[in-house]
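Worksheet: one structure, shown below.
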Amino acid sequence: MDLATLKKLKPSEYEEAADGYRAASDMAHAAKDHIDNVVAAGMRKSLQGHALEAALGELKNLSADFHYTQIECGLVSTALNGFAHDMDAARRKLLAALDDAEALKFTVNADGSVTYPEAPPRNSVELPSQGGAVGSATAPTAQAVGRQAAGFDPNPHHAEALALADRIATALKEATEADAKWEPKIRALKADDDLTVSHQDLKDAQSDMAGVRDAGKGYLESIGGPPKDGSPQENSDWWNGLSPEERETYLSLHPDVVGRLDGLPSEARDEANRIVLDEKQAEYQLRIDSIPKPPANEWTWITAGGHPSKVHTDEWMEWDRKYGDEYRHLQSSLKGMNAIRTRFDQTGEGGLPEVYLLGFSPEGNGRAIVATGNPDTARHQAVYVPGTTSNLGKIGGDIDRMTELWRQTQKAKRDASVSAITWLGYDAPQDVVKDAPFEHYAYDGAPAYRQFMDGLDASHTGYGDPHRTAIGHSYGTTLIGAAAQTGDLNADDVILAGSPGVKVGSADEMDVPKGHVWNEEADGDPVPDIGRWGHGGSQWKPGGGVFLIPSDEAFGANQMNTRAEGSGPTATKGAEGHSQYWDRGTTALKNQALVVVGKYRDVTAPQ
């Protein structure tokens with residue numbers, strides 16, 4: 001980068017180009033949302049049959065094209081802004097040095113060297129000190145240092161010229177480095193020449209994001225990141241303090257950060273997490289495709305002691321040793337990602353509202369927070385915590401439960417404004433026997449649940465304060481109890497289903513108004529009585545202590561009926577066992593929906 005080029009450079013032109021790409025990204029985002037939430041949703045609401053499925057398939061491909069356009073144009077915009085930022089910093093240094101040279105009446109030459117004039121004698125004996133030139137774009141101070149060391153230049157202007165030459169050379173060096181850094185990153189931001197968004201395309205987009213993020217460290221630092229370990233309100237204040245351009249920069253370069261910050265708008269978190277979902281699903285699919293498939297002959301029979309036994313083959317055992325753990329993790333994670341997409345595709349069916357992906361990560365057992373209905377505008381919010389064996393691979397069933405709850409709230413109260421949220425934001429116990437008896441899963445996950453509940457307050461934009469219900473199933477109720485015991489739950493009602501205990505011995509300790517703890521125990525559910533010895537709350541009475549669970553009368557919860565009720569069109573079915581509390585048409589589901597919309601008087605108690 002030479003002096004003339006940097007001097008004439010206009011960073012604003014690159015910023016204007018960035019604005020154009022940002023506008024294209026925004027238009028692609030709007031088009032994608034219109035296709036998914038208006039066009040496709042409207043078709044699902046009113047049409048059916050093979051023609052509908054074919055049309056929806058084409059619309060899904062078009063939506064994917066727009067989403068890919070949104071991601072890539074967002075990266076181009078951010079890269080151009082980052083380039084303009086770095087070049088503007090170097091150019092401002094150059095212009096400042098040139099201004100100072102002009103003020104001193106020094107001449108800056110095309111190669112970056114500085115010519116300074118002679119200096120008058122300091123007394124009548126001395127002769128004038130001759131002028132000279134120092135520096136250049138390639139060797140800024142070599143001449144000057146040599147002359148000074150040899151004692152050839154007593155001219156006081158020498159030091160000033162030397163400093164200016166160094167400043168000019170530094171500016172040109174920084175501009176050259178910025179150009180070399182950004183050129184390959186921006187050149188890489190191009191798509192292939194077809195309309196199919198392949199897994200490889202999305203993997204490349206993930207690589208592009210990493211490249212732009214690495215090059216744009218200085219640009220990101222100038223914006224300022226979110227507060228370290230910030231509260232939801234602090235996160236919200238940070239986000240609201242950013243310009244639209246700065247928000248889009250973080251969405252483009254750190255969607256994982258934006259997606260997990262409680263307190264940010266649900267639309268921003270959803271947009272960010274869908275980018276992460278797209279790219280992780282592509283990455284995981286390519287990874288699993290690269291692993292040899294498990295041998296077809298997994299099992300064989302052997303006879304030992306006269307009795308046949310079924311065992312794994314040696315071939316399968318060798319495969320499992322090399323690839324088994326990774327293969328199962330990828331397979332389970334991809335199953336969960338497909339389940340989330342299935343809920344995306346259900347928008348409009350039976351009037352289902354848009355879905356918001358408020359949290360997502362496939363790492364470990366996985367994380368997923370999925371809201372049916374926008375919690376930022378909803379009058380009623382229900383936040384459900386699943387229990388033992390929950391993980392990303394099984395998220396589909398938990399999403400379905402909240403989908404059914406949302407549908408039932410519309411029957412309980414016509415056009416009720418409800419957001420029904422599945423919150424898998426913790427590491428649930430994965431084994432009923434080995435893990436579920438331990439309490440650390442609940443206490444470890446409780447802070448994240450409280451933070452999420454506080455975040456719903458910080459991001460809410462609807463009229464008045466929302467009515468919020470915490471809902472737990474099985475070990476999920478234990479987590480809610482631990483959250484209430486150790487901090488502010490920030491809920492108006494608590495619904496507990498199939499609870500093995502909530503770590504406290506009284507409904508009054510659940511951190512909600514008196515009379516707003518609700519419990520369901522279905523016929524044949526073994527978990528409550530088994531779990532009380534590990535998770536029941538102690539309540540001391542004369543003669544000794546007891547361990548109480550929400551199903552005990554002494555605990556003080558409102559017991560809700562789970563058995564069949566009524567007859568004819570309004571009849572409801574009974575729930576049995578540990579897993580039917582959210583089955584469609586059950587009394588258990590009906591009573592939960594009534595609590596969620598605040599129609600407490602219509603809730604029925606066991607007979």
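Identifiers in this document derive from the order of the structure tokens: chains are assigned A, B, ..., residues are numbered from 1 separately in each chain, and ligands are numbered from 1 in order of occurrence.
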**Asked** Hey, what does DSSP flag as strand (DSSP E) within region 35-132 of chain A? Can you give it to me as a list in words?
**Response** Thr107, Val108, Val114, Thr115, Tyr116 and Gly132 of chain A
Residues from the last selection, all heavy atoms, saved as a PDB file, in the first residue's frame:
ATOM      1  N   THR A 107       8.206  18.656   3.736  1.00  0.00           N
ATOM      2  CA  THR A 107       7.684  18.045   2.517  1.00  0.00           C
ATOM      3  C   THR A 107       7.668  16.526   2.684  1.00  0.00           C
ATOM      4  O   THR A 107       8.681  15.917   3.030  1.00  0.00           O
ATOM      5  CB  THR A 107       8.552  18.407   1.298  1.00  0.00           C
ATOM      6  OG1 THR A 107       8.552  19.829   1.135  1.00  0.00           O
ATOM      7  CG2 THR A 107       8.016  17.752   0.030  1.00  0.00           C
ATOM      8  N   VAL A 108       6.488  15.938   2.425  1.00  0.00           N
ATOM      9  CA  VAL A 108       6.369  14.473   2.450  1.00  0.00           C
ATOM     10  C   VAL A 108       6.433  13.996   1.009  1.00  0.00           C
ATOM     11  O   VAL A 108       5.621  14.390   0.168  1.00  0.00           O
ATOM     12  CB  VAL A 108       5.062  14.025   3.111  1.00  0.00           C
ATOM     13  CG1 VAL A 108       4.940  12.507   3.057  1.00  0.00           C
ATOM     14  CG2 VAL A 108       5.003  14.501   4.558  1.00  0.00           C
ATOM     15  N   VAL A 114      10.508  12.149   4.409  1.00  0.00           N
ATOM     16  CA  VAL A 114      10.168  13.507   4.839  1.00  0.00           C
ATOM     17  C   VAL A 114      11.396  14.402   4.646  1.00  0.00           C
ATOM     18  O   VAL A 114      12.487  14.112   5.172  1.00  0.00           O
ATOM     19  CB  VAL A 114       9.716  13.537   6.309  1.00  0.00           C
ATOM     20  CG1 VAL A 114       9.415  14.969   6.745  1.00  0.00           C
ATOM     21  CG2 VAL A 114       8.504  12.641   6.514  1.00  0.00           C
ATOM     22  N   THR A 115      11.211  15.491   3.897  1.00  0.00           N
ATOM     23  CA  THR A 115      12.286  16.466   3.697  1.00  0.00           C
ATOM     24  C   THR A 115      12.065  17.639   4.644  1.00  0.00           C
ATOM     25  O   THR A 115      10.961  18.195   4.718  1.00  0.00           O
ATOM     26  CB  THR A 115      12.296  16.971   2.244  1.00  0.00           C
ATOM     27  OG1 THR A 115      12.509  15.854   1.369  1.00  0.00           O
ATOM     28  CG2 THR A 115      13.404  18.005   2.036  1.00  0.00           C
ATOM     29  N   TYR A 116      13.111  18.001   5.364  1.00  0.00           N
ATOM     30  CA  TYR A 116      12.998  19.096   6.324  1.00  0.00           C
ATOM     31  C   TYR A 116      13.968  20.213   5.932  1.00  0.00           C
ATOM     32  O   TYR A 116      15.010  19.959   5.308  1.00  0.00           O
ATOM     33  CB  TYR A 116      13.263  18.612   7.754  1.00  0.00           C
ATOM     34  CG  TYR A 116      14.585  17.935   7.965  1.00  0.00           C
ATOM     35  CD1 TYR A 116      15.687  18.657   8.435  1.00  0.00           C
ATOM     36  CD2 TYR A 116      14.739  16.566   7.723  1.00  0.00           C
ATOM     37  CE1 TYR A 116      16.897  18.042   8.641  1.00  0.00           C
ATOM     38  CE2 TYR A 116      15.960  15.944   7.930  1.00  0.00           C
ATOM     39  CZ  TYR A 116      17.032  16.676   8.391  1.00  0.00           C
ATOM     40  OH  TYR A 116      18.242  16.076   8.595  1.00  0.00           O
ATOM     41  N   GLY A 132      17.501  18.201   5.086  1.00  0.00           N
ATOM     42  CA  GLY A 132      17.734  16.849   4.577  1.00  0.00           C
ATOM     43  C   GLY A 132      16.443  16.078   4.462  1.00  0.00           C
ATOM     44  O   GLY A 132      15.350  16.628   4.607  1.00  0.00           O
TER      45      GLY A 132
END
**Request:** Would you kindly return, as a ChimeraX atom specification, each protein, DNA or RNA residue with an atom no farther than 9 Å from any atom of Pro500 (chain A), considering only C-alpha atoms and excluding same-chain residues fewer than 5 positions away?
**Result:** /A:474-475,477-478,527-536,549-550
Write the residues you've just listed into a file as a PDB file, in the first residue's frame, and include N, CA and C atoms for each of them.
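In the end it all went to selection-v2.pdb:
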ATOM      1  N   SER A 474     -41.313 -35.094  36.351  1.00  0.00           N
ATOM      2  CA  SER A 474     -40.363 -36.031  36.915  1.00  0.00           C
ATOM      3  C   SER A 474     -39.188 -35.273  37.546  1.00  0.00           C
ATOM      4  N   TYR A 475     -37.944 -35.577  37.129  1.00  0.00           N
ATOM      5  CA  TYR A 475     -36.781 -34.890  37.713  1.00  0.00           C
ATOM      6  C   TYR A 475     -36.797 -33.400  37.400  1.00  0.00           C
ATOM      7  N   THR A 477     -39.200 -31.471  37.942  1.00  0.00           N
ATOM      8  CA  THR A 477     -39.804 -30.818  39.107  1.00  0.00           C
ATOM      9  C   THR A 477     -38.767 -30.620  40.204  1.00  0.00           C
ATOM     10  N   THR A 478     -37.821 -31.556  40.293  1.00  0.00           N
ATOM     11  CA  THR A 478     -36.759 -31.433  41.300  1.00  0.00           C
ATOM     12  C   THR A 478     -35.902 -30.219  41.000  1.00  0.00           C
ATOM     13  N   VAL A 527     -43.113 -43.126  40.140  1.00  0.00           N
ATOM     14  CA  VAL A 527     -41.989 -42.240  40.437  1.00  0.00           C
ATOM     15  C   VAL A 527     -42.147 -41.468  41.750  1.00  0.00           C
ATOM     16  N   PRO A 528     -43.337 -40.900  42.038  1.00  0.00           N
ATOM     17  CA  PRO A 528     -43.431 -40.108  43.269  1.00  0.00           C
ATOM     18  C   PRO A 528     -43.039 -40.867  44.534  1.00  0.00           C
ATOM     19  N   ASP A 529     -43.568 -42.061  44.725  1.00  0.00           N
ATOM     20  CA  ASP A 529     -43.268 -42.773  45.963  1.00  0.00           C
ATOM     21  C   ASP A 529     -41.840 -43.307  45.997  1.00  0.00           C
ATOM     22  N   ILE A 530     -41.297 -43.656  44.836  1.00  0.00           N
ATOM     23  CA  ILE A 530     -39.908 -44.117  44.802  1.00  0.00           C
ATOM     24  C   ILE A 530     -38.958 -42.953  45.068  1.00  0.00           C
ATOM     25  N   GLY A 531     -39.273 -41.803  44.471  1.00  0.00           N
ATOM     26  CA  GLY A 531     -38.359 -40.674  44.534  1.00  0.00           C
ATOM     27  C   GLY A 531     -38.322 -39.938  45.849  1.00  0.00           C
ATOM     28  N   ARG A 532     -39.359 -40.077  46.653  1.00  0.00           N
ATOM     29  CA  ARG A 532     -39.430 -39.273  47.882  1.00  0.00           C
ATOM     30  C   ARG A 532     -38.213 -39.474  48.776  1.00  0.00           C
ATOM     31  N   TRP A 533     -37.605 -40.672  48.752  1.00  0.00           N
ATOM     32  CA  TRP A 533     -36.487 -40.939  49.654  1.00  0.00           C
ATOM     33  C   TRP A 533     -35.211 -40.238  49.200  1.00  0.00           C
ATOM     34  N   GLY A 534     -35.172 -39.805  47.950  1.00  0.00           N
ATOM     35  CA  GLY A 534     -33.995 -39.087  47.486  1.00  0.00           C
ATOM     36  C   GLY A 534     -34.212 -37.597  47.350  1.00  0.00           C
ATOM     37  N   HIS A 535     -35.455 -37.194  46.992  1.00  0.00           N
ATOM     38  CA  HIS A 535     -35.695 -35.795  46.665  1.00  0.00           C
ATOM     39  C   HIS A 535     -36.843 -35.159  47.440  1.00  0.00           C
ATOM     40  N   GLY A 536     -37.467 -35.939  48.335  1.00  0.00           N
ATOM     41  CA  GLY A 536     -38.509 -35.362  49.170  1.00  0.00           C
ATOM     42  C   GLY A 536     -37.939 -34.313  50.110  1.00  0.00           C
ATOM     43  N   ILE A 549     -43.422 -35.103  49.444  1.00  0.00           N
ATOM     44  CA  ILE A 549     -43.415 -34.790  48.019  1.00  0.00           C
ATOM     45  C   ILE A 549     -44.703 -34.045  47.707  1.00  0.00           C
ATOM     46  N   PRO A 550     -44.802 -33.381  46.557  1.00  0.00           N
ATOM     47  CA  PRO A 550     -45.980 -32.565  46.255  1.00  0.00           C
ATOM     48  C   PRO A 550     -47.302 -33.329  46.268  1.00  0.00           C
TER      49      PRO A 550
END
**Request:** Compile the contact shell of Leu253 (chain A) as number ranges by chain: residues with an atom at most 8 Å away, counting only C-alpha atoms, same-chain residues fewer than 2 positions apart removed.
**Result:** A: 75, 209-210, 212-213, 249-251, 255
**Message:** List the spatial neighbours of Glu576 (chain A) as a PyMOL selection string - criterion: any atom at most 7 Å away, only C-alpha atoms, same-chain residues fewer than 6 positions off excluded.
**Reply:** chain A and resi 522-525
**Prompt:** Near Glu318 (chain A), within 12 Å and counting only C-alpha atoms, which residues show up once chain neighbours fewer than 4 positions away are dropped, as a PyMOL selection string?
**Reply:** chain A and resi 292+294-295+298+312-314+322-324
Could the residues in this selection be saved with C-alpha atoms as a PDB file, in the first residue's frame?
ATOM      1  CA  PRO A 292     -18.016 -46.480   8.264  1.00  0.00           C
ATOM      2  CA  PRO A 294     -21.959 -50.284  11.652  1.00  0.00           C
ATOM      3  CA  PRO A 295     -21.674 -53.902  10.454  1.00  0.00           C
ATOM      4  CA  GLU A 298     -24.248 -57.055  14.884  1.00  0.00           C
ATOM      5  CA  HIS A 312     -22.116 -58.972  19.669  1.00  0.00           C
ATOM      6  CA  THR A 313     -19.965 -60.187  16.797  1.00  0.00           C
ATOM      7  CA  ASP A 314     -16.216 -59.561  16.854  1.00  0.00           C
ATOM      8  CA  LYS A 322     -13.250 -47.288  16.975  1.00  0.00           C
ATOM      9  CA  TYR A 323     -16.375 -45.373  16.093  1.00  0.00           C
ATOM     10  CA  GLY A 324     -19.248 -46.279  18.413  1.00  0.00           C
TER      11      GLY A 324
END
**Message:** Given only C-alpha atoms as the basis, pick out the residue of A:Gly515, A:Pro375, A:Gly505, A:Pro244 nearest to Ser538 (chain A).
**Reply:** A:Gly505
**Asked** Mind checking DSSP for region 217-360 of chain A and telling me the helix (DSSP H, G or I) residues as a PyMOL selection string?
**Response** chain A and resi 217-223+232-240+244-253+255-260+266-289+314-345+349-351
**Request:** Excluding region 101-104 of chain A and residues on its chain fewer than 3 positions from it, collect all residues at most 12 Å away from it, counting only C-alpha atoms, and give them as a list in words.
**Result:** Leu94, Leu95, Ala96, Ala97, Leu98, Thr107, Val108, Asn109, Gly112, Ser113, Val114, Thr115, Tyr116, Pro117, His157, His158, Glu160, Ala161, Leu162, Ala163, Leu164, Ala165, Arg167 and Ile168 of chain A
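Residues in contact with region 178-183 of chain A at up to 8 Å, not including ones fewer than 4 positions away on its chain and judged by only C-alpha atoms, are A:Ala79, A:Phe83, A:Asp86, A:Met87, A:Glu174, A:Arg187, A:Ala215.
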**Prompt:** Between CA of Asp166 (chain A) and CA of Val134 (chain A), what is the distance, to one decimal in Å?
**Reply:** 9.4 Å
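The coordinates place CA of Thr403 (chain A) at 16.3 Å from CA of Thr587 (chain A).
Closest approach to Arg328 (chain A) from the set A:Arg287, A:Arg92, A:Lys599, A:His440 is made by A:Arg287, with distances taken over only C-alpha atoms.
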**Option closest in space to Thr347 (chain A), from A:Ala371, A:Leu195, A:Leu220, A:Met1 [counting only C-alpha atoms]** = A:Ala371
